[in-house]
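Trainee: The file below is protein.txt, compact mmCIF, C-alpha atoms:
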```txt
# COMPACT_ATOMS: atom_id res chain seq x y z
CA MET W 1 4.07 3.25 24.32
CA ARG W 2 4.68 5.95 26.96
CA ASP W 3 4.94 5.06 30.65
CA VAL W 4 3.11 8.16 31.91
CA LEU W 5 -0.21 8.93 30.24
CA ASP W 6 -0.09 12.68 30.68
CA ALA W 7 -1.53 14.69 27.77
CA SER W 8 -0.95 18.08 29.37
CA PRO W 9 -0.81 20.82 28.24
CA TYR W 10 -3.49 19.54 25.82
CA ASP W 11 -7.09 19.30 26.95
CA ALA W 12 -8.66 17.91 23.76
CA LEU W 13 -7.94 16.03 20.54
CA LEU W 14 -9.65 17.09 17.30
CA LEU W 15 -10.07 14.55 14.51
CA LEU W 16 -10.01 16.67 11.35
CA SER W 17 -11.11 15.06 8.11
CA PHE W 18 -12.27 15.82 4.57
CA GLY W 19 -15.96 15.00 4.98
CA GLY W 20 -18.36 13.47 2.50
CA PRO W 21 -22.03 13.38 1.46
CA GLU W 22 -24.44 11.20 3.39
CA GLY W 23 -27.24 11.05 0.81
CA PRO W 24 -28.00 11.89 -2.85
CA ASP W 25 -29.18 15.42 -2.03
CA ASP W 26 -25.83 16.15 -0.36
CA VAL W 27 -23.61 15.27 -3.33
CA VAL W 28 -23.66 18.50 -5.37
CA PRO W 29 -23.60 20.84 -2.31
CA PHE W 30 -20.65 18.82 -0.96
CA LEU W 31 -18.79 19.13 -4.29
CA GLU W 32 -19.57 22.87 -4.32
CA ASN W 33 -17.83 23.10 -0.94
CA VAL W 34 -14.82 21.14 -2.21
CA THR W 35 -14.45 23.25 -5.38
CA ARG W 36 -15.49 26.64 -4.00
CA GLY W 37 -13.75 29.49 -5.80
CA ARG W 38 -12.89 27.48 -8.94
CA GLY W 39 -15.99 28.48 -10.93
CA ILE W 40 -17.00 24.92 -11.84
CA PRO W 41 -20.57 24.79 -13.26
CA LYS W 42 -23.20 22.80 -11.36
CA GLU W 43 -23.78 20.54 -14.36
CA ARG W 44 -20.12 19.55 -14.31
CA LEU W 45 -20.37 18.82 -10.59
CA LYS W 46 -23.32 16.51 -11.27
CA GLU W 47 -21.11 14.59 -13.72
CA VAL W 48 -18.31 14.34 -11.18
CA GLY W 49 -20.84 13.24 -8.56
CA GLN W 50 -21.69 10.09 -10.49
CA HIS W 51 -19.04 8.27 -8.46
CA TYR W 52 -21.07 9.02 -5.34
CA PHE W 53 -24.43 8.28 -6.96
CA LEU W 54 -23.18 4.76 -7.78
CA PHE W 55 -23.02 4.23 -4.01
CA GLY W 56 -26.39 5.80 -3.20
CA GLY W 57 -24.93 9.28 -2.82
CA VAL W 58 -23.19 8.24 0.38
CA SER W 59 -19.47 8.52 0.99
CA PRO W 60 -18.19 5.94 3.48
CA ILE W 61 -15.76 8.42 4.99
CA ASN W 62 -18.06 9.78 7.70
CA ASP W 63 -18.94 6.33 9.04
CA GLN W 64 -15.25 5.46 8.92
CA ASN W 65 -14.45 8.54 10.98
CA ARG W 66 -17.15 7.57 13.47
CA ALA W 67 -15.50 4.16 13.78
CA LEU W 68 -12.10 5.79 14.29
CA LEU W 69 -13.58 8.10 16.94
CA ASP W 70 -14.94 5.06 18.78
CA ALA W 71 -11.57 3.30 18.50
CA LEU W 72 -9.69 6.33 19.84
CA ARG W 73 -12.07 6.87 22.72
CA LYS W 74 -11.93 3.20 23.67
CA ASP W 75 -8.13 3.10 23.49
CA PHE W 76 -7.78 6.26 25.56
CA ALA W 77 -10.23 4.97 28.18
CA ASP W 78 -8.62 1.54 28.32
CA HIS W 79 -5.22 3.08 28.97
CA GLY W 80 -6.28 5.79 31.40
CA LEU W 81 -5.72 8.72 29.08
CA ASP W 82 -8.25 11.38 30.05
CA LEU W 83 -8.51 13.35 26.82
CA PRO W 84 -11.83 14.13 25.08
CA VAL W 85 -11.95 13.56 21.32
CA TYR W 86 -13.94 15.81 18.97
CA TRP W 87 -14.57 15.56 15.23
CA GLY W 88 -14.79 18.22 12.52
CA ASN W 89 -14.69 18.16 8.70
CA ARG W 90 -13.41 20.57 6.10
CA ASN W 91 -16.18 20.09 3.52
CA TRP W 92 -19.26 18.59 5.21
CA GLY W 93 -20.90 18.25 8.57
CA PRO W 94 -19.82 18.23 11.29
CA TYR W 95 -18.03 21.33 10.02
CA LEU W 96 -14.68 22.31 11.51
CA THR W 97 -15.82 25.81 12.53
CA ASP W 98 -18.85 24.45 14.37
CA THR W 99 -16.73 21.87 16.18
CA LEU W 100 -14.14 24.46 17.26
CA ARG W 101 -16.98 26.68 18.49
CA GLU W 102 -18.27 23.73 20.54
CA MET W 103 -14.80 23.12 21.94
CA VAL W 104 -14.49 26.75 23.01
CA ALA W 105 -17.90 26.53 24.72
CA ASP W 106 -16.65 23.40 26.52
CA GLY W 107 -13.65 25.34 27.82
CA ARG W 108 -10.97 23.69 25.66
CA ARG W 109 -7.90 25.90 25.42
CA ARG W 110 -5.08 23.66 24.08
CA VAL W 111 -6.18 21.52 21.15
CA LEU W 112 -4.13 18.88 19.35
CA VAL W 113 -5.29 18.07 15.82
CA LEU W 114 -5.19 14.69 14.09
CA ALA W 115 -5.65 15.10 10.32
CA THR W 116 -6.72 12.02 8.37
CA SER W 117 -3.75 12.40 6.04
CA ALA W 118 -0.44 10.77 6.91
CA TYR W 119 1.93 12.43 4.43
CA ALA W 120 3.33 15.86 3.61
CA SER W 121 1.71 17.84 0.78
CA TYR W 122 -0.31 20.98 0.26
CA SER W 123 -3.63 19.09 0.04
CA GLY W 124 -2.66 16.64 2.79
CA CYS W 125 -1.33 19.11 5.35
CA ARG W 126 -1.20 22.83 4.62
CA GLN W 127 -4.75 22.98 3.28
CA TYR W 128 -5.96 21.50 6.56
CA ARG W 129 -3.92 24.15 8.37
CA GLU W 130 -5.45 26.87 6.19
CA ASP W 131 -8.94 25.68 7.08
CA LEU W 132 -7.98 25.70 10.75
CA ALA W 133 -6.84 29.31 10.38
CA GLY W 134 -10.08 30.23 8.61
CA ALA W 135 -12.16 28.65 11.36
CA LEU W 136 -10.16 30.42 14.06
CA ALA W 137 -10.58 33.73 12.22
CA THR W 138 -14.34 33.19 12.20
CA LEU W 139 -14.39 32.54 15.94
CA GLU W 140 -12.16 35.56 16.51
CA GLY W 141 -14.68 37.66 14.57
CA GLU W 142 -17.39 36.37 16.90
CA GLY W 143 -15.40 37.62 19.88
CA LEU W 144 -14.68 34.14 21.23
CA GLU W 145 -11.56 33.24 23.19
CA LEU W 146 -9.42 31.25 20.79
CA PRO W 147 -7.79 27.97 21.76
CA ARG W 148 -4.19 27.30 20.82
CA VAL W 149 -4.16 24.66 18.09
CA ASP W 150 -1.27 22.32 17.28
CA LYS W 151 -1.14 19.48 14.75
CA ILE W 152 0.18 15.94 15.24
CA ARG W 153 3.23 15.26 13.07
CA HIS W 154 3.04 13.18 9.89
CA TYR W 155 2.57 9.58 10.99
CA PHE W 156 3.27 7.73 7.72
CA ASN W 157 6.16 5.79 9.27
CA HIS W 158 4.75 5.08 12.71
CA PRO W 159 4.58 1.32 13.38
CA GLY W 160 0.88 1.54 14.19
CA PHE W 161 0.22 2.87 10.69
CA VAL W 162 2.63 0.62 8.81
CA GLU W 163 2.04 -2.74 10.53
CA PRO W 164 -1.69 -3.05 9.68
CA MET W 165 -0.81 -2.40 6.02
CA ILE W 166 1.85 -5.11 6.07
CA GLU W 167 -0.77 -7.52 7.40
CA GLY W 168 -3.20 -6.39 4.70
CA VAL W 169 -0.74 -7.05 1.88
CA LEU W 170 0.11 -10.51 3.28
CA LYS W 171 -3.61 -11.33 3.49
CA SER W 172 -4.20 -10.18 -0.09
CA LEU W 173 -1.29 -12.24 -1.37
CA ALA W 174 -2.68 -15.29 0.42
CA GLU W 175 -6.04 -14.75 -1.29
CA LEU W 176 -4.52 -14.96 -4.78
CA PRO W 177 -4.61 -18.29 -6.60
CA GLU W 178 -1.62 -20.33 -5.53
CA ASP W 179 -0.26 -20.72 -9.06
CA VAL W 180 0.16 -16.93 -9.50
CA ARG W 181 0.94 -15.92 -5.91
CA ALA W 182 4.73 -16.12 -5.99
CA GLY W 183 4.97 -13.96 -9.10
CA ALA W 184 2.52 -11.31 -7.90
CA HIS W 185 3.51 -7.67 -8.23
CA ILE W 186 2.63 -5.17 -5.48
CA ALA W 187 1.28 -1.83 -6.73
CA PHE W 188 1.46 0.66 -3.85
CA THR W 189 -1.06 3.40 -4.62
CA THR W 190 -1.60 6.94 -3.43
CA HIS W 191 -3.45 10.03 -4.57
CA SER W 192 -1.88 11.69 -7.59
CA ILE W 193 -1.14 15.38 -7.12
CA PRO W 194 0.35 17.98 -9.49
CA ASN W 195 4.09 17.52 -10.01
CA ALA W 196 4.62 21.09 -8.85
CA SER W 197 2.86 20.36 -5.55
CA ALA W 198 4.85 17.18 -5.04
CA ASP W 199 8.15 18.93 -5.79
CA THR W 200 7.48 21.58 -3.12
CA SER W 201 6.11 19.21 -0.47
CA GLY W 202 7.84 19.13 2.88
CA PRO W 203 10.47 21.55 4.21
CA VAL W 204 12.24 23.82 1.71
CA GLU W 205 15.56 21.97 1.94
CA GLY W 206 13.88 18.81 0.64
CA HIS W 207 12.09 20.36 -2.32
CA GLY W 208 12.60 18.96 -5.80
CA ASP W 209 11.68 15.85 -7.83
CA GLY W 210 8.71 14.66 -5.85
CA GLY W 211 9.70 16.30 -2.58
CA ALA W 212 8.69 14.76 0.72
CA TYR W 213 5.42 13.41 -0.71
CA VAL W 214 7.07 10.89 -3.00
CA GLN W 215 9.96 10.10 -0.67
CA GLN W 216 7.68 9.35 2.26
CA HIS W 217 5.51 7.01 0.18
CA LEU W 218 8.58 5.23 -1.21
CA ASP W 219 9.89 4.73 2.31
CA VAL W 220 6.62 3.17 3.47
CA ALA W 221 6.37 0.99 0.35
CA GLY W 222 9.90 -0.25 0.96
CA LEU W 223 9.12 -1.06 4.59
CA ILE W 224 6.09 -3.11 3.59
CA ALA W 225 7.90 -4.90 0.75
CA ASP W 226 10.79 -5.78 3.06
CA ALA W 227 8.43 -7.13 5.71
CA VAL W 228 6.56 -9.21 3.12
CA ARG W 229 9.85 -10.69 1.91
CA GLU W 230 10.90 -11.51 5.48
CA GLN W 231 7.61 -13.26 6.24
CA THR W 232 7.08 -15.09 2.94
CA GLY W 233 10.61 -15.63 1.66
CA ILE W 234 9.56 -14.13 -1.67
CA ASP W 235 10.94 -10.87 -3.05
CA HIS W 236 7.88 -9.44 -4.80
CA ALA W 237 8.50 -6.73 -7.39
CA TRP W 238 6.75 -3.48 -6.50
CA GLN W 239 6.21 0.09 -7.67
CA LEU W 240 4.64 3.28 -6.31
CA VAL W 241 1.75 4.31 -8.60
CA TYR W 242 -1.02 6.86 -8.48
CA GLN W 243 -4.79 7.19 -8.67
CA SER W 244 -7.66 9.69 -8.44
CA ARG W 245 -6.23 12.38 -10.71
CA SER W 246 -8.69 15.28 -10.96
CA GLY W 247 -6.77 18.15 -12.56
CA ALA W 248 -6.72 19.78 -15.98
CA PRO W 249 -5.10 17.57 -18.66
CA HIS W 250 -2.40 20.13 -19.53
CA ILE W 251 -1.02 20.21 -15.96
CA PRO W 252 1.54 17.43 -15.21
CA TRP W 253 0.46 15.15 -12.35
CA LEU W 254 2.30 12.25 -10.75
CA GLU W 255 2.25 9.09 -12.86
CA PRO W 256 1.79 6.24 -13.72
CA ASP W 257 -1.94 5.85 -13.11
CA ILE W 258 -2.94 2.51 -11.59
CA CYS W 259 -5.00 1.46 -14.63
CA ASP W 260 -2.14 2.23 -17.02
CA HIS W 261 0.17 0.35 -14.67
CA LEU W 262 -2.05 -2.73 -14.76
CA GLU W 263 -1.96 -2.70 -18.57
CA GLU W 264 1.83 -2.42 -18.52
CA LEU W 265 2.19 -5.27 -16.05
CA HIS W 266 -0.13 -7.49 -18.05
CA GLY W 267 1.86 -6.76 -21.20
CA ALA W 268 5.04 -7.74 -19.38
CA GLY W 269 3.56 -11.08 -18.37
CA VAL W 270 3.05 -10.39 -14.68
CA PRO W 271 0.62 -13.09 -13.43
CA ALA W 272 -1.16 -11.18 -10.61
CA VAL W 273 -1.21 -7.88 -8.72
CA VAL W 274 -1.93 -6.75 -5.18
CA MET W 275 -3.07 -3.12 -5.02
CA ALA W 276 -2.04 -1.60 -1.69
CA PRO W 277 -3.52 1.90 -1.05
CA ILE W 278 -0.84 3.13 1.35
CA GLY W 279 -1.70 6.79 0.74
CA PHE W 280 -5.13 6.55 2.39
CA VAL W 281 -6.17 6.21 6.02
CA SER W 282 -9.52 4.54 5.30
CA ASP W 283 -11.50 2.82 2.53
CA HIS W 284 -13.28 6.00 1.43
CA MET W 285 -14.78 6.83 -1.95
CA GLU W 286 -11.54 7.14 -3.91
CA VAL W 287 -10.51 3.68 -2.75
CA LEU W 288 -13.94 2.16 -3.41
CA TYR W 289 -14.34 3.71 -6.85
CA ASP W 290 -10.83 4.14 -8.27
CA LEU W 291 -9.53 0.77 -7.06
CA ASP W 292 -12.45 -1.50 -6.19
CA THR W 293 -14.48 -0.40 -9.21
CA GLU W 294 -12.43 1.19 -11.99
CA ALA W 295 -9.11 -0.63 -11.53
CA LYS W 296 -10.78 -4.00 -10.93
CA VAL W 297 -12.83 -3.59 -14.12
CA LYS W 298 -9.58 -2.89 -15.99
CA ALA W 299 -7.99 -6.00 -14.45
CA GLU W 300 -10.98 -8.13 -15.44
CA GLU W 301 -10.72 -6.85 -19.03
CA LEU W 302 -7.07 -7.90 -19.03
CA GLY W 303 -7.72 -11.25 -17.36
CA LEU W 304 -5.29 -10.22 -14.62
CA PRO W 305 -5.96 -11.56 -11.09
CA VAL W 306 -5.92 -8.68 -8.57
CA ARG W 307 -6.59 -8.20 -4.88
CA ARG W 308 -6.82 -4.95 -2.97
CA SER W 309 -5.39 -4.77 0.54
CA ALA W 310 -7.09 -2.88 3.35
CA THR W 311 -6.28 0.57 4.70
CA VAL W 312 -5.68 1.01 8.43
CA GLY W 313 -9.16 2.41 9.15
CA ALA W 314 -10.03 1.99 12.82
CA ASP W 315 -7.48 -0.76 13.49
CA PRO W 316 -6.65 -0.84 17.24
CA ARG W 317 -2.95 -0.54 16.37
CA PHE W 318 -3.64 2.75 14.62
CA ALA W 319 -5.64 4.04 17.58
CA ALA W 320 -2.72 3.06 19.84
CA ALA W 321 -0.35 4.90 17.50
CA ILE W 322 -2.42 8.07 17.84
CA ARG W 323 -2.28 7.73 21.62
CA ASP W 324 1.49 7.40 21.34
CA LEU W 325 1.72 10.48 19.09
CA VAL W 326 -0.47 12.52 21.45
CA LEU W 327 1.72 11.65 24.42
CA GLU W 328 4.87 12.25 22.40
CA ARG W 329 3.78 15.76 21.43
CA ALA W 330 2.51 16.53 24.93
CA ALA W 331 5.87 15.55 26.40
CA ALA W 332 7.74 17.70 23.89
CA GLU W 333 5.49 20.70 24.60
CA SER W 334 6.03 20.25 28.33
CA GLY W 335 9.80 19.91 28.05
CA ARG W 336 9.76 16.25 29.09
CA ALA W 337 12.20 13.79 27.52
CA VAL W 338 10.71 11.88 24.58
CA THR W 339 11.98 9.54 21.87
CA PRO W 340 9.72 9.74 18.80
CA CYS W 341 8.79 6.40 17.29
CA ALA W 342 9.38 5.95 13.55
CA LEU W 343 10.33 3.18 11.13
CA GLY W 344 12.31 3.42 7.90
CA THR W 345 15.07 5.74 6.79
CA LEU W 346 13.46 9.17 7.09
CA GLY W 347 12.99 9.39 10.85
CA PRO W 348 10.17 11.21 12.64
CA SER W 349 8.67 14.22 10.92
CA HIS W 350 8.75 17.75 12.33
CA ASP W 351 6.26 18.78 15.04
CA LEU W 352 5.87 22.30 13.66
CA CYS W 353 5.57 22.90 9.92
CA PRO W 354 8.44 25.26 9.02
CA MET W 355 8.29 28.34 6.82
CA GLY W 356 7.95 27.45 3.13
CA CYS W 357 6.70 23.92 3.84
CA CYS W 358 4.15 22.68 1.23
CA PRO W 359 3.40 26.21 -0.04
CA ALA W 360 0.10 27.23 -1.63
CA ARG W 361 0.01 28.76 -5.11
CA THR W 362 -1.88 31.66 -3.55
CA PRO W 363 -0.59 32.33 -0.03
CA LYS W 364 -3.21 32.05 2.73
CA PRO W 365 -2.97 32.18 6.51
CA ALA W 366 -2.37 28.77 8.09
CA ALA W 367 -2.57 27.65 11.71
CA ALA W 368 -0.37 25.17 13.57
CA GLY W 369 2.87 26.11 11.84
CA ALA W 370 5.88 28.39 12.14
CA ASP W 371 4.02 30.96 10.03
CA SER W 372 0.84 30.89 12.13
CA GLN W 373 -0.61 34.06 13.63
CA TYR W 374 -2.47 31.90 16.15
CA ALA W 375 0.28 30.92 18.60
```
What would you get if you wrote out this structure as structure tokens?
Mentor:
Amino acid sequence: MRDVLDASPYDALLLLSFGGPEGPDDVVPFLENVTRGRGIPKERLKEVGQHYFLFGGVSPINDQNRALLDALRKDFADHGLDLPVYWGNRNWGPYLTDTLREMVADGRRRVLVLATSAYASYSGCRQYREDLAGALATLEGEGLELPRVDKIRHYFNHPGFVEPMIEGVLKSLAELPEDVRAGAHIAFTTHSIPNASADTSGPVEGHGDGGAYVQQHLDVAGLIADAVREQTGIDHAWQLVYQSRSGAPHIPWLEPDICDHLEELHGAGVPAVVMAPIGFVSDHMEVLYDLDTEAKVKAEELGLPVRRSATVGADPRFAAAIRDLVLERAAAESGRAVTPCALGTLGPSHDLCPMGCCPARTPKPAAAGADSQYA
């Protein structure tokens, strides 16, 4: 980590997340926020909301963000980093606009944003930047003095993100019955997105055939698989697979789906599977339902032993990684020498999203990028 804990010019960190319902009455209004502008009938939203109703209408994501907030604040305090941490959501309270308004009232003028998405994609990066721009536009309309907002780079290959997942996979392998452990397959999972969105993820020069989204996940999966081999002496077969598809059937999305993958592995005689959700920061609803519920039911039907490894959540190593990334960006903004920390073959991601990076189908203003009007 950095020798000098100087976060200047930044005077605050904003944890920016997706948000989720915290009771049955919140489910449909939350889904209306998520799908606003798509014209989806309320009855259809009630059907989609059944995933949440199975868990009492409560998404775990907000409590997980509270835990991460506590971990960040503790890490910063323990290491003498004087930087307040705020929290805002895109689709449920505390809403991003309200949090930015609070930050302005508190006198914050240079804000660094941590999005709870580690990889490049429209939904994992630019959409967050669009919501930041929308919130800033609202504050501008209210006549408030706008803070400058920057975003922490993609942290998919930072050791503090990767190492807890390596530990999680090793733990899951150890939990499998001994007679199937050596032959276990590792299914690295992430959120499926439309092929067109994947192909245009990342900077323009890297567009095509999965773009940065697929390449970044493959790099992380390879890092974990290599570490598992080094620590166990076993070269487990692995594949990157997808989950949580939500789009129209006629639009191509990234495949294979985890449940289809389990069927294929069972048919090939694979004795056991570890599902490793490397595409997610915490064990939120899509992990709990799509893996812990749906995929495990499929595995039970097949008689296939499975275990699901943990996400990084509020692991102290992840909190330390965020501290490192904050100090890294602060040094770069101040013109101080800095060596970004990254594992794998892809190197550290860009600090500033370039023009044409992860484009939207319908162009919208976005903050914290080369195309931002809020500099």
Trainee: Against region 122-125 of chain W, which residues of region 130-221 of chain W fall within 12 Å? For each one I want the closest pair of atoms and the distance in Å (one decimal), counting all atoms listed in the file, rows by chain and increasing residue number, as CSV.
Mentor:
```
residue,atom,partner,partner_atom,distance
W:Glu130,CA,W:Cys125,CA,8.8
W:Asp131,CA,W:Cys125,CA,10.2
W:Leu132,CA,W:Cys125,CA,10.8
W:Lys151,CA,W:Cys125,CA,9.4
W:Ile152,CA,W:Cys125,CA,10.5
W:Arg153,CA,W:Cys125,CA,9.8
W:His154,CA,W:Cys125,CA,8.7
W:Tyr155,CA,W:Cys125,CA,11.7
W:Phe156,CA,W:Gly124,CA,11.8
W:Thr190,CA,W:Gly124,CA,11.6
W:His191,CA,W:Gly124,CA,9.9
W:Ser192,CA,W:Ser123,CA,10.8
W:Ile193,CA,W:Ser123,CA,8.4
W:Pro194,CA,W:Tyr122,CA,10.2
W:Asn195,CA,W:Tyr122,CA,11.7
W:Ala196,CA,W:Tyr122,CA,10.4
W:Ser197,CA,W:Tyr122,CA,6.6
W:Ala198,CA,W:Tyr122,CA,8.3
W:Asp199,CA,W:Tyr122,CA,10.6
W:Thr200,CA,W:Tyr122,CA,8.5
W:Ser201,CA,W:Tyr122,CA,6.7
W:Gly202,CA,W:Tyr122,CA,8.8
W:Pro203,CA,W:Tyr122,CA,11.5
W:Gly211,CA,W:Tyr122,CA,11.4
W:Ala212,CA,W:Tyr122,CA,10.9
W:Tyr213,CA,W:Gly124,CA,9.4
```
Trainee: Which residue gives the smallest distance to Arg181 (chain W) among W:Cys358, W:Ala237, W:Ala342, W:Ala276, with all atoms listed in the file counted?
Mentor: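 Nearest candidate to Arg181 (chain W) out of W:Cys358, W:Ala237, W:Ala342, W:Ala276: W:Ala237.
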Trainee: What lies within 9 Å of Thr232 (chain W) using only C-alpha atoms, ignoring chain neighbours under 4 positions off, as a ChimeraX atom specification?
Mentor: /W:170,227-228
Trainee: Give me, as a list of chain:residue names, all polymer residues having an atom no more than 10 Å from region 76-85 of chain W, counting all atoms listed in the file and skipping those fewer than 6 positions away in the same chain.
Mentor: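 Answer for this query is W:Val4, W:Leu5, W:Asp6, W:Ala7, W:Ser8, W:Tyr10, W:Asp11, W:Ala12, W:Leu13, W:Leu14, W:Leu15, W:Leu69, W:Asp70, W:Met103, W:Arg108, W:Val111, W:Leu112, W:Val113, W:Leu114, W:Ala319, W:Ala320, W:Ile322, W:Arg323, W:Val326, W:Leu327.
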Trainee: Keeping only C-alpha atoms, write those residues as a tab-separated table (two decimals), in the coordinates of the input.
Mentor:
```tsv
chain	number	residue	atom	x	y	z
W	4	VAL	CA	3.11	8.16	31.91
W	5	LEU	CA	-0.21	8.93	30.24
W	6	ASP	CA	-0.09	12.68	30.68
W	7	ALA	CA	-1.53	14.69	27.77
W	8	SER	CA	-0.95	18.08	29.37
W	10	TYR	CA	-3.49	19.54	25.82
W	11	ASP	CA	-7.09	19.30	26.95
W	12	ALA	CA	-8.66	17.91	23.76
W	13	LEU	CA	-7.94	16.03	20.54
W	14	LEU	CA	-9.65	17.09	17.30
W	15	LEU	CA	-10.07	14.55	14.51
W	69	LEU	CA	-13.58	8.10	16.94
W	70	ASP	CA	-14.94	5.06	18.78
W	103	MET	CA	-14.80	23.12	21.94
W	108	ARG	CA	-10.97	23.69	25.66
W	111	VAL	CA	-6.18	21.52	21.15
W	112	LEU	CA	-4.13	18.88	19.35
W	113	VAL	CA	-5.29	18.07	15.82
W	114	LEU	CA	-5.19	14.69	14.09
W	319	ALA	CA	-5.64	4.04	17.58
W	320	ALA	CA	-2.72	3.06	19.84
W	322	ILE	CA	-2.42	8.07	17.84
W	323	ARG	CA	-2.28	7.73	21.62
W	326	VAL	CA	-0.47	12.52	21.45
W	327	LEU	CA	1.72	11.65	24.42
```
Trainee: Residues near region 256-263 of chain W, anyone? I mean within 9 Å using only C-alpha atoms, not counting same-chain ones fewer than 2 positions away, as a compact mmCIF listing (two decimals) with C-alpha atoms, in the coordinates of the input.
Mentor:
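The file below, out_35.txt, is the result:
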```
# COMPACT_ATOMS: atom_id res chain seq x y z
CA ALA W 187 1.28 -1.83 -6.73
CA THR W 189 -1.06 3.40 -4.62
CA SER W 192 -1.88 11.69 -7.59
CA LEU W 240 4.64 3.28 -6.31
CA VAL W 241 1.75 4.31 -8.60
CA TYR W 242 -1.02 6.86 -8.48
CA GLN W 243 -4.79 7.19 -8.67
CA SER W 244 -7.66 9.69 -8.44
CA ARG W 245 -6.23 12.38 -10.71
CA LEU W 254 2.30 12.25 -10.75
CA LEU W 265 2.19 -5.27 -16.05
CA HIS W 266 -0.13 -7.49 -18.05
CA GLY W 267 1.86 -6.76 -21.20
CA ALA W 268 5.04 -7.74 -19.38
CA VAL W 273 -1.21 -7.88 -8.72
CA MET W 275 -3.07 -3.12 -5.02
CA ASP W 290 -10.83 4.14 -8.27
CA LEU W 291 -9.53 0.77 -7.06
CA GLU W 294 -12.43 1.19 -11.99
CA ALA W 295 -9.11 -0.63 -11.53
CA LYS W 296 -10.78 -4.00 -10.93
CA LYS W 298 -9.58 -2.89 -15.99
CA ALA W 299 -7.99 -6.00 -14.45
CA LEU W 302 -7.07 -7.90 -19.03
CA LEU W 304 -5.29 -10.22 -14.62
```
Trainee: Rank nothing, just name the residue among W:Leu72, W:Gly369, W:Asn91, W:Asn62 nearest to Thr35 (chain W), using all atoms listed in the file.
Mentor: W:Asn91
Trainee: If I put a ball of radius 12 Å at (-16.4, 22.6, 18.1) in the file's coordinates, which residues poke into it when counting only C-alpha atoms, written as a PyMOL selection string?
Mentor: chain W and resi 12-16+84-89+93-109+111+132+135-136+139+146-147
Trainee: Any idea what's packed within 8 Å of region 45-53 of chain W, counting all atoms listed in the file, ignoring anything in its chain fewer than 2 positions away? Could you give it as a list in words?
Mentor: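 Everything that qualifies: Pro24, Val27, Val28, Leu31, Glu32, Ile40, Pro41, Lys42, Glu43, Phe55, Gly56, Gly57, Val58, Ser59, Met285 and Tyr289 of chain W.
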Trainee: CA of Ala67 (chain W) and CA of Val214 (chain W) are how many Å apart?
Mentor: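 Those two atoms sit 28.9 Å apart.
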Trainee: Could you state the separation of CA of Ser17 (chain W) and CA of Ser117 (chain W) in Å, given to one decimal place?
Mentor: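 We find that CA of Ser17 (chain W) and CA of Ser117 (chain W) lie 8.1 Å from each other.
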Trainee: Of the residues W:His236, W:Arg317, W:Arg148, W:Asp351, which is the one nearest to Ala332 (chain W), using all atoms listed in the file?
Mentor: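 Closest to Ala332 (chain W), using all atoms listed in the file: W:Asp351.
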Trainee: Check the smallest atom-to-atom distance from each of W:Gly39, W:Pro365, W:Pro305, W:Gly335 to Gly134 (chain W) using all atoms listed in the file, then report the winner.
Mentor: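 Ranked by minimum distance to Gly134 (chain W), first place goes to W:Pro365.
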Trainee: Rank nothing, just name the residue among W:Gln216, W:Ser172, W:Ser282, W:Gln231 nearest to Leu68 (chain W), using all atoms listed in the file.
Mentor: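 Nearest to Leu68 (chain W): W:Ser282.
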Trainee: Any idea what the distance is between CA of Gly222 (chain W) and CA of Glu328 (chain W)?
Mentor: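 CA of Gly222 (chain W) sits 25.3 Å away from CA of Glu328 (chain W).
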Trainee: Can you work out which one of W:Ala221, W:Lys74, W:Asp150, W:Arg38 has the shortest atom-to-atom distance to Ser372 (chain W), counting only C-alpha atoms?
Mentor: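 When distances to Ser372 (chain W) are compared using only C-alpha atoms, the smallest one comes from W:Asp150.
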Trainee: Could the centre and edge lengths of an axis-aligned box, enclosing all atoms of region 262-268 of chain W in the file with 8 Å extra on each side, be given in Å to one decimal as lines of an AutoDock Vina configuration file?
Mentor:
```
center_x = 1.5
center_y = -5.1
center_z = -18.0
size_x = 23.1
size_y = 21.3
size_z = 22.4
```
